[in-house]
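Let me begin by presenting the structure, written as structure tokens, before commenting on it.
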Amino acid sequence: MKRTTAIVCLSSLLITAGCSDSKSGGKSGNSEQQASGAVIKQFADAWVKAWAPNGKPDAAGALTDNPTVFAKRLDDVDSALVTSTVTVTPQGDPKCSDDNNCTQDLAVEAQLRGIGTMKWTSTAAAVKTGDSWKVKASGDTIYPGLGDNNYLKRVRALPARASILDRNGVALTANRQVVIVGVAAGTKATAATYAAFTKLLDVDGAKLAARAKAAPAGQFVDAITIRAEEWEALRPTMTKLPGVLTMGGTQSLPPTANFARSLIGTMKTATEDTLKNAGPTASAQDQVGTTGLQYAFQQQLAGTPGGTVALRDGKTKLTIKTVFTQKGTAGQPVKTTIDTNMQKAAEAALATSKLPASLVAVQASTGQILAAANGPDPTSYNRAFQGRYAPGSTFKIVTSAALLGSGESTTTQLPCTDTINVFGKTFKNYDALAAYGSGTMQKAFNESCNTAFISQHARLPKDGMTKAAAMFGIGRDLGLSLSAYGGQVPLPKDDVEEAASMIGQGTVTASPLAISLVAAAVDHGTAMKPVLVPGKDAAGAAASPLPAATVAALRTFMRTTVTGGTAKVLSGSGTVAAKTGTAEVVVNGKVTTNAWMAGYRGDVAFAVIVEGGESGSHTAGPILKPFLAAFK
């Protein structure tokens, strides 16, 4: 009876008590937990929005008991850390006490722009004021130990940029002292200032002035980055002008401003586009690759930055403790196939030209690119790789292979006439060649007789030139680390187009790189894929080996073109085999010519084009002579 009574009494006590004890999770406690948890969750969501790009802290501040003060503090910490995004996740349930105070941990994960991910746990304290709950406007809510006066200080450290190397591991680039030249935002700079930028630094002064006027007051508006030694020569003049500002720094540069510029590429302060290419740890203030290998391998060369965040005393400014450390990783070099001495020789050779020109040299047996130069003036546009030109008579290498494959031989007689008419279209020879009547295919090749080759167009099937070009790797995606054009030989729509393609005109186009690979295929016997960065660029054969008889014939054709044909200009340059080319093009409504020369010596194949050149023998050949003389 006592036992039963005791049980009943105990049951009555439990029923009467309910959940009135907040610590035990009764009804009152559940209500407090739910209400405080709801406002803390709203606060966490508002914090995320505040630190999002272009976010505002007002909504988060409005959920605290001191909106104005807290909103500014939250914004200041965001600016100090330079965050891009943040996640704030309440942990578990709020813990509530008898005095209407509840606390809940917040797991914070912030992406520090240009450094990495910083994680911490802070505590949000919610207090009930009247009928509503507010989060306490404490710095500790943002970061533990921040309090009312302390602050967070971020420091970012960039590793030294790695070098681009030549085939022997010699550095083509190094971190060198530079000066970033610009102006103060606003109207401090004068017309004379902007005129000096145009005249002395080749900067569009009008565009710079517009940028300066649109920028926030006090901001440095960068115009150009130049080598420190260049700035020293300009400094006496430029520093006297109103509004000119400079910043020092380092940049990964080749030994001279001109050396392999279109290959190595350039670097500038990041823009919206180049910042995307630079990856998530890059900053808008970084110097990043904008063209060439510097752009293509930006992330590998740059490595990843490190950084620290320290909690500092608001009064003494001294570090209380370092709360975050991110170790950087060094950049990794990019090794190329470039031969430094051959590259210098190519650039020196092009410097003698008064017209735009390009020279490419490749190792015939591997397809590795030894030199690629563009001149005579420095340019970031790599026409050696990207130019799309009619290859002219250099394409008779391909045409000869097509005819030999059709059953003709080196001794097949081809008529060299002044002109030839193909379905109403008249073709002629280049101006220096007089008709010589009937002669062998070898003679037609040596003399570069257009009409002789075109006379055989009926021997080829419609896709004859397209298939022959494929044997030399023409028409495929080159797949290089840098943008490069592999050429095209479309199926001709009629006999006229087919005839034009046989002399490298009409719809046939190729880059200097592609034509150098055609010469390399003759030298090696198999067309090879071009390689600039081993391990990155696909290597190996680009097509099946050429027929042995075809290779033997073409080697003879090209060698005799030097010893007694249109490429005699190279006869004193060793055992060279070559083919000249002159291609008609229309520029600004006028017909002009581009001059070509393609060939090989030893295991080195090459191609040169001179825009507006008279002919391969008179314009391209003289450029090749000093190049070939510079190496054995």
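Chain lettering (A, B, ...) mirrors the order of the structure tokens, residue numbering begins at 1 for each chain separately, and ligand numbering begins at 1 in order of display.
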**Study point:** Which of range 370-448 of chain A DSSP labels strand (DSSP E), written as number ranges by chain
**Key:** A: 370-375, 413-416, 419-422, 425-428, 437-440
Output N, CA and C atoms for every residue in that selection, as a short mmCIF file (atom, residue, chain, number, x, y, z; two decimals), in the first residue's frame.
data_model
loop_
_atom_site.label_atom_id
_atom_site.label_comp_id
_atom_site.auth_asym_id
_atom_site.auth_seq_id
_atom_site.Cartn_x
_atom_site.Cartn_y
_atom_site.Cartn_z
N LEU A 370 62.11 24.54 -81.18
CA LEU A 370 63.41 25.05 -80.73
C LEU A 370 63.43 26.57 -80.66
N ALA A 371 62.69 27.22 -81.55
CA ALA A 371 62.64 28.68 -81.57
C ALA A 371 61.36 29.11 -82.26
N ALA A 372 60.81 30.21 -81.80
CA ALA A 372 59.63 30.80 -82.44
C ALA A 372 59.72 32.30 -82.20
N ALA A 373 60.04 33.02 -83.26
CA ALA A 373 60.28 34.46 -83.12
C ALA A 373 59.38 35.24 -84.05
N ASN A 374 59.05 36.46 -83.60
CA ASN A 374 58.24 37.37 -84.39
C ASN A 374 58.93 38.74 -84.37
N GLY A 375 59.02 39.37 -85.50
CA GLY A 375 59.74 40.64 -85.53
C GLY A 375 59.29 41.48 -86.72
N GLN A 413 57.08 14.17 -117.02
CA GLN A 413 57.21 15.44 -117.72
C GLN A 413 55.98 16.33 -117.47
N LEU A 414 56.24 17.53 -116.98
CA LEU A 414 55.17 18.50 -116.71
C LEU A 414 55.43 19.75 -117.54
N PRO A 415 54.42 20.27 -118.25
CA PRO A 415 54.63 21.45 -119.11
C PRO A 415 54.61 22.75 -118.29
N CYS A 416 55.68 23.53 -118.37
CA CYS A 416 55.73 24.82 -117.69
C CYS A 416 55.46 25.92 -118.71
N THR A 419 51.03 30.69 -118.70
CA THR A 419 49.74 30.70 -118.00
C THR A 419 49.04 29.37 -118.24
N ILE A 420 48.02 29.12 -117.44
CA ILE A 420 47.17 27.96 -117.65
C ILE A 420 45.76 28.35 -117.23
N ASN A 421 44.79 27.90 -118.02
CA ASN A 421 43.39 28.25 -117.75
C ASN A 421 42.66 27.02 -117.24
N VAL A 422 42.00 27.19 -116.10
CA VAL A 422 41.22 26.10 -115.50
C VAL A 422 39.78 26.60 -115.36
N LYS A 425 39.46 30.33 -115.13
CA LYS A 425 40.38 31.01 -114.22
C LYS A 425 41.80 30.85 -114.76
N THR A 426 42.48 31.97 -114.98
CA THR A 426 43.85 31.94 -115.49
C THR A 426 44.85 32.01 -114.35
N PHE A 427 45.76 31.06 -114.33
CA PHE A 427 46.84 31.05 -113.34
C PHE A 427 48.15 31.35 -114.06
N LYS A 428 49.07 32.00 -113.35
CA LYS A 428 50.36 32.32 -113.94
C LYS A 428 51.48 31.97 -112.95
N GLY A 437 58.91 25.19 -121.09
CA GLY A 437 58.42 24.03 -121.83
C GLY A 437 58.33 22.81 -120.93
N SER A 438 58.54 21.65 -121.54
CA SER A 438 58.39 20.41 -120.80
C SER A 438 59.62 20.14 -119.94
N GLY A 439 59.38 19.61 -118.72
CA GLY A 439 60.48 19.27 -117.82
C GLY A 439 60.00 18.30 -116.76
N THR A 440 60.93 17.72 -116.01
CA THR A 440 60.56 16.75 -114.98
C THR A 440 59.85 17.44 -113.81
#
**Study point:** Which of range 146-310 of chain A DSSP labels alpha helix (DSSP H), written as an MDAnalysis selection string
**Key:** chainID A and resid 191:201 205:214 228:238 261:264 272:278 292:296 298:302
Practice item. Measure the distance from CA of Asn341 in chain A to CA of Leu482 in chain A in Å and round it to one decimal. Key: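 About the pair CA of Asn341 in chain A and CA of Leu482 in chain A: they are 21.3 Å apart.
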Env of range 153-160 of chain A: 8 Å cut, atoms = only C-alpha atoms, seq-sep filter 4 positions within chain, self excluded. Answer as a PDB file with N, CA, C and O atoms, in the first residue's frame.
ATOM      1  N   ALA A  80      38.895  43.610 -42.915  1.00  0.00           N
ATOM      2  CA  ALA A  80      40.209  43.242 -42.404  1.00  0.00           C
ATOM      3  C   ALA A  80      40.641  41.869 -42.914  1.00  0.00           C
ATOM      4  O   ALA A  80      41.808  41.657 -43.258  1.00  0.00           O
ATOM      5  N   LEU A  81      39.710  40.947 -42.977  1.00  0.00           N
ATOM      6  CA  LEU A  81      40.038  39.596 -43.419  1.00  0.00           C
ATOM      7  C   LEU A  81      40.030  39.462 -44.940  1.00  0.00           C
ATOM      8  O   LEU A  81      40.586  38.511 -45.485  1.00  0.00           O
ATOM      9  N   GLY A 114      42.418  35.315 -51.734  1.00  0.00           N
ATOM     10  CA  GLY A 114      43.838  35.324 -52.008  1.00  0.00           C
ATOM     11  C   GLY A 114      44.682  34.554 -51.022  1.00  0.00           C
ATOM     12  O   GLY A 114      45.904  34.549 -51.128  1.00  0.00           O
ATOM     13  N   ILE A 115      44.061  33.884 -50.036  1.00  0.00           N
ATOM     14  CA  ILE A 115      44.837  33.092 -49.075  1.00  0.00           C
ATOM     15  C   ILE A 115      44.283  31.681 -48.954  1.00  0.00           C
ATOM     16  O   ILE A 115      44.950  30.700 -49.292  1.00  0.00           O
ATOM     17  N   ASN A 175      62.666  36.805 -61.424  1.00  0.00           N
ATOM     18  CA  ASN A 175      61.951  37.887 -60.747  1.00  0.00           C
ATOM     19  C   ASN A 175      62.847  39.119 -60.701  1.00  0.00           C
ATOM     20  O   ASN A 175      63.880  39.135 -60.027  1.00  0.00           O
ATOM     21  N   ALA A 302      52.904  30.502 -60.276  1.00  0.00           N
ATOM     22  CA  ALA A 302      52.682  31.374 -59.117  1.00  0.00           C
ATOM     23  C   ALA A 302      52.702  30.619 -57.795  1.00  0.00           C
ATOM     24  O   ALA A 302      53.046  31.180 -56.757  1.00  0.00           O
ATOM     25  N   GLY A 303      52.353  29.338 -57.810  1.00  0.00           N
ATOM     26  CA  GLY A 303      52.199  28.632 -56.548  1.00  0.00           C
ATOM     27  C   GLY A 303      50.971  29.165 -55.821  1.00  0.00           C
ATOM     28  O   GLY A 303      50.078  29.776 -56.425  1.00  0.00           O
ATOM     29  N   THR A 304      50.912  28.953 -54.511  1.00  0.00           N
ATOM     30  CA  THR A 304      49.786  29.472 -53.735  1.00  0.00           C
ATOM     31  C   THR A 304      50.304  30.339 -52.603  1.00  0.00           C
ATOM     32  O   THR A 304      51.313  30.011 -51.965  1.00  0.00           O
ATOM     33  N   PRO A 305      49.650  31.460 -52.350  1.00  0.00           N
ATOM     34  CA  PRO A 305      50.113  32.372 -51.303  1.00  0.00           C
ATOM     35  C   PRO A 305      49.862  31.812 -49.913  1.00  0.00           C
ATOM     36  O   PRO A 305      48.980  30.976 -49.708  1.00  0.00           O
ATOM     37  N   GLY A 306      50.644  32.269 -48.960  1.00  0.00           N
ATOM     38  CA  GLY A 306      50.406  31.952 -47.562  1.00  0.00           C
ATOM     39  C   GLY A 306      49.872  33.185 -46.861  1.00  0.00           C
ATOM     40  O   GLY A 306      49.701  34.240 -47.476  1.00  0.00           O
ATOM     41  N   GLY A 307      49.602  33.060 -45.585  1.00  0.00           N
ATOM     42  CA  GLY A 307      49.110  34.218 -44.857  1.00  0.00           C
ATOM     43  C   GLY A 307      48.896  33.921 -43.398  1.00  0.00           C
ATOM     44  O   GLY A 307      48.897  32.758 -42.966  1.00  0.00           O
ATOM     45  N   THR A 308      48.749  34.979 -42.635  1.00  0.00           N
ATOM     46  CA  THR A 308      48.448  34.857 -41.211  1.00  0.00           C
ATOM     47  C   THR A 308      47.357  35.842 -40.843  1.00  0.00           C
ATOM     48  O   THR A 308      47.167  36.866 -41.529  1.00  0.00           O
ATOM     49  N   VAL A 309      46.645  35.518 -39.782  1.00  0.00           N
ATOM     50  CA  VAL A 309      45.707  36.454 -39.168  1.00  0.00           C
ATOM     51  C   VAL A 309      46.054  36.508 -37.687  1.00  0.00           C
ATOM     52  O   VAL A 309      46.154  35.464 -37.034  1.00  0.00           O
ATOM     53  N   ALA A 310      46.272  37.703 -37.209  1.00  0.00           N
ATOM     54  CA  ALA A 310      46.641  37.884 -35.802  1.00  0.00           C
ATOM     55  C   ALA A 310      45.556  38.655 -35.072  1.00  0.00           C
ATOM     56  O   ALA A 310      44.927  39.561 -35.637  1.00  0.00           O
ATOM     57  N   LEU A 311      45.333  38.278 -33.814  1.00  0.00           N
ATOM     58  CA  LEU A 311      44.450  39.036 -32.923  1.00  0.00           C
ATOM     59  C   LEU A 311      45.315  40.071 -32.230  1.00  0.00           C
ATOM     60  O   LEU A 311      46.285  39.719 -31.542  1.00  0.00           O
ATOM     61  N   ARG A 312      44.999  41.356 -32.393  1.00  0.00           N
ATOM     62  CA  ARG A 312      45.829  42.421 -31.854  1.00  0.00           C
ATOM     63  C   ARG A 312      45.088  43.239 -30.804  1.00  0.00           C
ATOM     64  O   ARG A 312      43.869  43.404 -30.883  1.00  0.00           O
ATOM     65  N   GLY A 328      52.100  28.913 -47.645  1.00  0.00           N
ATOM     66  CA  GLY A 328      52.067  28.990 -49.093  1.00  0.00           C
ATOM     67  C   GLY A 328      52.842  27.836 -49.715  1.00  0.00           C
ATOM     68  O   GLY A 328      53.606  27.145 -49.037  1.00  0.00           O
ATOM     69  N   THR A 329      52.627  27.623 -50.979  1.00  0.00           N
ATOM     70  CA  THR A 329      53.392  26.604 -51.706  1.00  0.00           C
ATOM     71  C   THR A 329      54.131  27.275 -52.851  1.00  0.00           C
ATOM     72  O   THR A 329      53.569  28.120 -53.560  1.00  0.00           O
ATOM     73  N   ALA A 330      55.372  26.930 -53.006  1.00  0.00           N
ATOM     74  CA  ALA A 330      56.200  27.542 -54.042  1.00  0.00           C
ATOM     75  C   ALA A 330      55.698  27.169 -55.434  1.00  0.00           C
ATOM     76  O   ALA A 330      55.179  26.067 -55.646  1.00  0.00           O
ATOM     77  N   GLY A 331      55.839  28.101 -56.365  1.00  0.00           N
ATOM     78  CA  GLY A 331      55.502  27.796 -57.748  1.00  0.00           C
ATOM     79  C   GLY A 331      56.463  26.776 -58.325  1.00  0.00           C
ATOM     80  O   GLY A 331      57.588  26.614 -57.850  1.00  0.00           O
TER      81      GLY A 331
END
Review point. What lies within 8 Å of range 459-466 of chain A using only C-alpha atoms, ignoring chain neighbours under 6 positions off, as a PyMOL selection string?
Key: chain A and resi 398-399+402-403+406+489-492+498+501-502
Take the selection from the previous step and output its residues with C-alpha atoms, as a CSV table (one decimal), in the first residue's frame.
chain,number,residue,atom,x,y,z
A,398,VAL,CA,52.5,18.5,-100.3
A,399,THR,CA,51.4,18.7,-103.9
A,402,ALA,CA,50.1,13.9,-103.8
A,403,LEU,CA,51.2,13.5,-107.4
A,406,SER,CA,48.9,9.2,-107.8
A,489,VAL,CA,43.0,22.2,-96.8
A,490,PRO,CA,39.2,22.0,-97.3
A,491,LEU,CA,37.7,19.8,-99.9
A,492,PRO,CA,37.6,22.0,-103.1
A,498,GLU,CA,41.6,22.4,-106.5
A,501,SER,CA,45.3,24.5,-103.6
A,502,MET,CA,48.1,22.8,-105.6
Exercise for review: Within 8 Å of range 211-226 of chain A, counting only C-alpha atoms, which residues show up once you throw out same-chain ones fewer than 5 positions away? Write them as a PyMOL selection string, please.
Suggested key: chain A and resi 178-187+201+203+231+245+268
Practice item. Show which residues sit within 8 Å of range 553-556 of chain A, as a list in words. Count only C-alpha atoms, and ignore same-chain residues fewer than 5 positions away. Key: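 Result of the neighbour search: Ile397, Ser400, Ala401, Thr410, Val522, Asp523 and Ala577 of chain A.
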Serialized selection, N, CA and C atoms, as a short mmCIF file (atom, residue, chain, number, x, y, z; two decimals), in the first residue's frame:
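Output file part-v5.cif is given in full below:
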data_model
loop_
_atom_site.label_atom_id
_atom_site.label_comp_id
_atom_site.auth_asym_id
_atom_site.auth_seq_id
_atom_site.Cartn_x
_atom_site.Cartn_y
_atom_site.Cartn_z
N ILE A 397 55.49 21.07 -101.70
CA ILE A 397 55.99 19.86 -101.04
C ILE A 397 54.84 18.86 -100.91
N SER A 400 53.58 17.73 -104.46
CA SER A 400 54.47 16.71 -105.05
C SER A 400 54.19 15.35 -104.45
N ALA A 401 53.96 15.31 -103.12
CA ALA A 401 53.64 14.04 -102.47
C ALA A 401 52.34 13.48 -103.01
N THR A 410 59.38 11.14 -110.28
CA THR A 410 60.22 12.34 -110.28
C THR A 410 60.56 12.79 -111.70
N VAL A 522 59.43 15.82 -94.06
CA VAL A 522 60.31 15.36 -95.14
C VAL A 522 61.65 14.92 -94.54
N ASP A 523 62.16 15.71 -93.64
CA ASP A 523 63.45 15.43 -93.01
C ASP A 523 63.42 14.13 -92.21
N ALA A 577 68.26 21.80 -97.23
CA ALA A 577 67.23 21.48 -98.21
C ALA A 577 66.08 22.46 -97.98
#
Shell of 7 Å around range 601-604 of chain A, only C-alpha atoms, local chain residues under 2 positions omitted, as a compact mmCIF listing (two decimals) with N, CA, C and O atoms, in the first residue's frame:
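Final output, saved to selection.txt:
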# COMPACT_ATOMS: atom_id res chain seq x y z
N ALA A 361 61.60 27.24 -85.75
CA ALA A 361 62.52 26.11 -85.93
C ALA A 361 62.07 24.98 -85.02
O ALA A 361 61.74 25.20 -83.86
N VAL A 362 62.05 23.75 -85.56
CA VAL A 362 61.63 22.58 -84.78
C VAL A 362 62.65 21.47 -84.95
O VAL A 362 63.38 21.42 -85.95
N GLN A 363 62.72 20.59 -83.97
CA GLN A 363 63.52 19.38 -84.09
C GLN A 363 62.70 18.38 -84.90
O GLN A 363 61.63 17.94 -84.45
N ALA A 364 63.17 18.05 -86.08
CA ALA A 364 62.38 17.24 -87.00
C ALA A 364 62.02 15.88 -86.43
O ALA A 364 60.90 15.38 -86.64
N SER A 365 62.93 15.26 -85.70
CA SER A 365 62.70 13.89 -85.23
C SER A 365 61.71 13.80 -84.08
O SER A 365 61.16 12.74 -83.82
N THR A 575 74.57 21.81 -95.63
CA THR A 575 73.72 20.88 -96.36
C THR A 575 72.26 21.18 -96.05
O THR A 575 71.61 20.50 -95.25
N VAL A 576 71.75 22.21 -96.67
CA VAL A 576 70.38 22.67 -96.45
C VAL A 576 69.49 22.18 -97.58
O VAL A 576 69.89 22.15 -98.75
N ALA A 577 68.26 21.80 -97.23
CA ALA A 577 67.23 21.48 -98.21
C ALA A 577 66.08 22.46 -97.98
O ALA A 577 65.75 22.74 -96.82
N PHE A 606 62.70 24.31 -90.45
CA PHE A 606 62.37 25.72 -90.21
C PHE A 606 61.38 26.24 -91.24
O PHE A 606 61.18 25.64 -92.31
